[in-house]
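Have a look at the structure below before the remarks.
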Amino acid sequence: MPELPEVETIVRALKHGGRGGAPIIGKKVSDANLLWDKTLSTPSFEKFEGKISKTTIKDITRRGKFVVIHLDNEFLLIHLRMSGDLRIDPPPVLPPQNHDRLLIYFEDGYRLAFNDTRKFGRAWLVSNPEIVTGNLGPEPFDTTLMASDFYMRLQRKKKQIKSLLLDQSFLAGLGNIYTDESLFRSGIHPMRLSNTLSSKEAERLLKAIRDTLNEAIAHNGASIDWVYRGGEFQNNFRVYQQTGNPCPVCSTPIQRLVVGQRGTHFCPKCQPEGVPE
DNA sequence: CCTGAAACCTGTCTGC
DNA sequence: TGCAGACAGGTTTCAG
């Protein structure tokens, strides 16, 4: 489910409260419960329980789509994949909810629940977060990432732009929704090869990515179906899941196609195929 | 090295 | 109503 804006919203809620939960910074872990073995990538649950008990949550940050929970001497990283979510339960804590996979109990009676219907989500407890996030590309909001750098990086690859934007080692944080929305806003066809973009187009694309993500964060991300609650950005989709609806710019019906095994939405008029003159 | 397909999972919706 | 099939916010693995 969650892409950068949804993960950012969750991180802010864990840090400052919101989405029905209290801040968890400063809380001390008492123990943990793993309800689906594969959810914990590393270490073994036995070691995990020993290492996480009695530690205090120092900070919570985001890297790409990873939630990074800073503990005294280690880091708990969580990737929500398609259907994961994090929930704070106040005391008195009730029995686990349906699809809860990993529970972390605090000494003050609160509980952090990693809930994940489809079981794709993963957690890692590591001494250095880079062990997990080392292969990620730059953050879209990295102020040192200039349009000219972005253009050069696009030139070096020869891949369909939609697939390249989904590649987390190229740029960290975009998923299916925000690539479609960003490509629409920059007027670029999703199947264009990355090395055919002009420097102007690269600049427009980077700005569109940043504008789209900022707007989505301002709306607390997007909520679709039963997955992820509290966001409102789904009401602002221009093309994602708008197949057949009129383009908000030119009224041409939005089309759907498959690019790199992913459903892709675009306006055939605003995002013409082929390289412009 | 690269690309594309399959795998990992559960739930919802559509069409016959 | 039942049931098969498609599809879903992501990533890793494997075959070629």
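Identifiers in the structure tokens: chain A, B, ... in order shown; residue index from 1 per chain; ligand index from 1 in order shown.
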
Can you pull out every residue within 9 Å of B:DC8, counting only C-alpha atoms (C1' of nucleotides), but drop anything in the same chain fewer than 4 positions away, and send it as a PyMOL selection string? (chain A and resi 118-120) or (chain C and resi 12)

Report as an NGL selection string the set of chain C residues whose atoms approach chain A to within 8 Å, with distances computed over only C-alpha atoms (C1' of nucleotides). :C and (9-11)

Could you save the residues just selected, with N, CA and C atoms (P, O5', C5', C4', C3', O3' and C1' of nucleotides), as a PDB file, in the first residue's frame?
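Full text of selection19.pdb as output:
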ATOM      1  P    DG C   9      -1.693  -1.074  -7.734  1.00  0.00           P
ATOM      2  O5'  DG C   9      -0.832  -0.068  -6.907  1.00  0.00           O
ATOM      3  C5'  DG C   9      -1.326   0.663  -5.802  1.00  0.00           C
ATOM      4  C4'  DG C   9      -0.177   1.277  -5.047  1.00  0.00           C
ATOM      5  C3'  DG C   9       0.831   0.270  -4.505  1.00  0.00           C
ATOM      6  O3'  DG C   9       1.987   1.009  -4.138  1.00  0.00           O
ATOM      7  C1'  DG C   9      -0.569   0.956  -2.786  1.00  0.00           C
ATOM      8  P    DG C  10       3.347   0.549  -4.747  1.00  0.00           P
ATOM      9  O5'  DG C  10       3.539  -0.829  -3.983  1.00  0.00           O
ATOM     10  C5'  DG C  10       3.799  -0.837  -2.589  1.00  0.00           C
ATOM     11  C4'  DG C  10       4.996  -1.720  -2.293  1.00  0.00           C
ATOM     12  C3'  DG C  10       6.222  -1.421  -3.166  1.00  0.00           C
ATOM     13  O3'  DG C  10       7.350  -1.363  -2.314  1.00  0.00           O
ATOM     14  C1'  DG C  10       5.605  -3.707  -3.386  1.00  0.00           C
ATOM     15  P    DT C  11       8.803  -0.984  -2.836  1.00  0.00           P
ATOM     16  O5'  DT C  11       9.520  -2.388  -2.982  1.00  0.00           O
ATOM     17  C5'  DT C  11       9.752  -3.138  -1.788  1.00  0.00           C
ATOM     18  C4'  DT C  11      10.084  -4.559  -2.110  1.00  0.00           C
ATOM     19  C3'  DT C  11      11.401  -4.768  -2.870  1.00  0.00           C
ATOM     20  O3'  DT C  11      12.290  -5.376  -1.958  1.00  0.00           O
ATOM     21  C1'  DT C  11       9.656  -6.200  -3.639  1.00  0.00           C
TER      22       DT C  11
END

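Put simply, atom CA of A:Thr117 is 25.8 Å away from atom CA of A:His16.
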
Which of stretch 24-66 of chain A fall in alpha helix (DSSP H), as a list in words: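 Those in stretch 24-66 of chain A that DSSP calls alpha helix (DSSP H) are Phe45, Glu46, Lys47, Phe48, Glu49, Gly50, Lys51 and Ile52 of chain A.
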
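Between atom CA of A:Trp124 and atom CA of A:Gly50 lies a distance of 14.1 Å.
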
What residues in chain B lie within 8 Å of chain A, counting only C-alpha atoms (C1' of nucleotides), written as a list in words? DG4, DC8, DC9 and DT10 of chain B

Who sits within 12 Å of A:Asp37, only C-alpha atoms (C1' of nucleotides), same chain under 2 positions skipped, as a compact mmCIF listing (two decimals) with all heavy atoms, in the first residue's frame:
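Done, and the output landed in part-v6.txt:
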# COMPACT_ATOMS: atom_id res chain seq x y z
N ASN A 33 5.49 -9.76 20.57
CA ASN A 33 4.79 -10.98 20.19
C ASN A 33 4.76 -11.06 18.66
O ASN A 33 4.34 -10.11 18.01
CB ASN A 33 3.35 -10.95 20.77
CG ASN A 33 2.65 -12.27 20.61
OD1 ASN A 33 3.24 -13.27 20.20
ND2 ASN A 33 1.37 -12.29 20.91
N LEU A 34 5.22 -12.16 18.11
CA LEU A 34 5.25 -12.34 16.66
C LEU A 34 4.17 -13.35 16.28
O LEU A 34 4.22 -14.50 16.69
CB LEU A 34 6.64 -12.84 16.23
CG LEU A 34 6.86 -13.04 14.73
CD1 LEU A 34 6.77 -11.73 13.96
CD2 LEU A 34 8.22 -13.72 14.48
N LEU A 35 3.21 -12.90 15.45
CA LEU A 35 2.08 -13.77 15.12
C LEU A 35 2.21 -14.41 13.74
O LEU A 35 1.47 -15.33 13.42
CB LEU A 35 0.76 -13.00 15.23
CG LEU A 35 0.45 -12.53 16.65
CD1 LEU A 35 0.87 -11.09 16.87
CD2 LEU A 35 -1.02 -12.71 16.98
N THR A 39 7.08 -12.29 9.01
CA THR A 39 7.04 -10.83 9.13
C THR A 39 8.37 -10.30 9.67
O THR A 39 8.80 -9.21 9.29
CB THR A 39 5.87 -10.40 10.05
OG1 THR A 39 4.65 -10.80 9.42
CG2 THR A 39 5.86 -8.90 10.26
N LEU A 40 9.02 -11.06 10.55
CA LEU A 40 10.32 -10.65 11.09
C LEU A 40 11.43 -11.23 10.22
O LEU A 40 11.66 -12.43 10.22
CB LEU A 40 10.46 -11.11 12.55
CG LEU A 40 11.74 -10.70 13.27
CD1 LEU A 40 11.90 -9.18 13.30
CD2 LEU A 40 11.76 -11.28 14.68
N SER A 41 12.09 -10.34 9.49
CA SER A 41 13.14 -10.76 8.56
C SER A 41 14.39 -11.19 9.30
O SER A 41 15.01 -12.19 8.99
CB SER A 41 13.49 -9.60 7.64
OG SER A 41 13.24 -9.92 6.32
N THR A 42 14.81 -10.37 10.25
CA THR A 42 15.99 -10.63 11.03
C THR A 42 15.94 -9.84 12.32
O THR A 42 15.36 -8.76 12.32
CB THR A 42 17.27 -10.28 10.24
OG1 THR A 42 18.41 -10.79 10.91
CG2 THR A 42 17.45 -8.78 10.08
N PRO A 43 16.45 -10.34 13.45
CA PRO A 43 17.05 -11.67 13.65
C PRO A 43 15.95 -12.69 13.95
O PRO A 43 14.79 -12.43 13.66
CB PRO A 43 17.93 -11.42 14.87
CG PRO A 43 17.18 -10.41 15.67
CD PRO A 43 16.45 -9.53 14.67
N SER A 44 16.31 -13.81 14.55
CA SER A 44 15.31 -14.77 15.01
C SER A 44 14.46 -14.09 16.08
O SER A 44 14.91 -13.15 16.74
CB SER A 44 15.99 -15.98 15.62
OG SER A 44 16.65 -15.61 16.82
N PHE A 45 13.24 -14.56 16.26
CA PHE A 45 12.38 -13.90 17.24
C PHE A 45 12.98 -13.97 18.64
O PHE A 45 12.84 -13.04 19.44
CB PHE A 45 10.97 -14.48 17.24
CG PHE A 45 10.06 -13.77 18.22
CD1 PHE A 45 9.72 -12.44 18.03
CD2 PHE A 45 9.60 -14.42 19.36
CE1 PHE A 45 8.92 -11.76 18.93
CE2 PHE A 45 8.80 -13.74 20.27
CZ PHE A 45 8.46 -12.42 20.06
N GLU A 46 13.66 -15.06 18.93
CA GLU A 46 14.28 -15.23 20.25
C GLU A 46 15.28 -14.10 20.51
O GLU A 46 15.26 -13.45 21.56
CB GLU A 46 14.98 -16.59 20.31
CG GLU A 46 15.34 -17.03 21.71
CD GLU A 46 16.18 -18.31 21.71
OE1 GLU A 46 16.15 -19.05 20.71
OE2 GLU A 46 16.89 -18.52 22.71
N ASP A 100 -3.05 -8.79 12.70
CA ASP A 100 -1.89 -8.29 13.42
C ASP A 100 -0.77 -9.31 13.25
O ASP A 100 -1.00 -10.52 13.41
CB ASP A 100 -2.20 -8.11 14.92
CG ASP A 100 -2.96 -6.81 15.20
OD1 ASP A 100 -3.11 -6.00 14.26
OD2 ASP A 100 -3.38 -6.62 16.35
N ARG A 101 0.44 -8.87 12.91
CA ARG A 101 1.57 -9.79 12.65
C ARG A 101 2.68 -9.65 13.68
O ARG A 101 3.37 -10.62 13.98
CB ARG A 101 2.15 -9.54 11.26
CG ARG A 101 1.13 -9.53 10.12
CD ARG A 101 0.38 -10.84 10.00
NE ARG A 101 -0.60 -10.79 8.91
CZ ARG A 101 -1.59 -11.67 8.78
NH1 ARG A 101 -1.74 -12.64 9.66
NH2 ARG A 101 -2.44 -11.57 7.78
N LEU A 102 2.91 -8.42 14.17
CA LEU A 102 3.97 -8.19 15.16
C LEU A 102 3.47 -7.15 16.15
O LEU A 102 2.98 -6.09 15.76
CB LEU A 102 5.24 -7.69 14.45
CG LEU A 102 6.42 -7.31 15.35
CD1 LEU A 102 6.97 -8.50 16.11
CD2 LEU A 102 7.54 -6.67 14.52
N LYS A 119 0.43 -10.05 4.37
CA LYS A 119 1.65 -10.69 4.89
C LYS A 119 2.92 -10.42 4.08
O LYS A 119 3.88 -11.17 4.15
CB LYS A 119 1.46 -12.22 4.99
CG LYS A 119 0.33 -12.65 5.90
CD LYS A 119 0.16 -14.16 5.88
CE LYS A 119 -0.91 -14.62 6.86
NZ LYS A 119 -1.23 -16.06 6.67
N PHE A 120 2.90 -9.36 3.25
CA PHE A 120 4.11 -9.03 2.48
C PHE A 120 5.06 -8.16 3.29
O PHE A 120 6.24 -8.06 2.97
CB PHE A 120 3.73 -8.27 1.20
CG PHE A 120 3.03 -9.09 0.15
CD1 PHE A 120 2.36 -8.48 -0.89
CD2 PHE A 120 3.05 -10.48 0.19
CE1 PHE A 120 1.72 -9.22 -1.88
CE2 PHE A 120 2.41 -11.23 -0.79
CZ PHE A 120 1.74 -10.60 -1.81
N GLY A 121 4.56 -7.48 4.28
CA GLY A 121 5.37 -6.54 5.06
C GLY A 121 6.47 -7.25 5.82
O GLY A 121 6.39 -8.44 6.11
N ARG A 122 7.54 -6.49 6.13
CA ARG A 122 8.69 -7.07 6.83
C ARG A 122 9.24 -6.11 7.86
O ARG A 122 9.16 -4.89 7.72
CB ARG A 122 9.81 -7.40 5.83
CG ARG A 122 9.48 -8.53 4.84
CD ARG A 122 9.40 -9.88 5.51
NE ARG A 122 9.10 -10.97 4.60
CZ ARG A 122 7.86 -11.41 4.32
NH1 ARG A 122 6.82 -10.82 4.86
NH2 ARG A 122 7.68 -12.42 3.51
N ALA A 123 9.87 -6.69 8.92
CA ALA A 123 10.56 -5.91 9.95
C ALA A 123 11.97 -6.44 10.12
O ALA A 123 12.21 -7.64 9.97
CB ALA A 123 9.79 -5.99 11.27
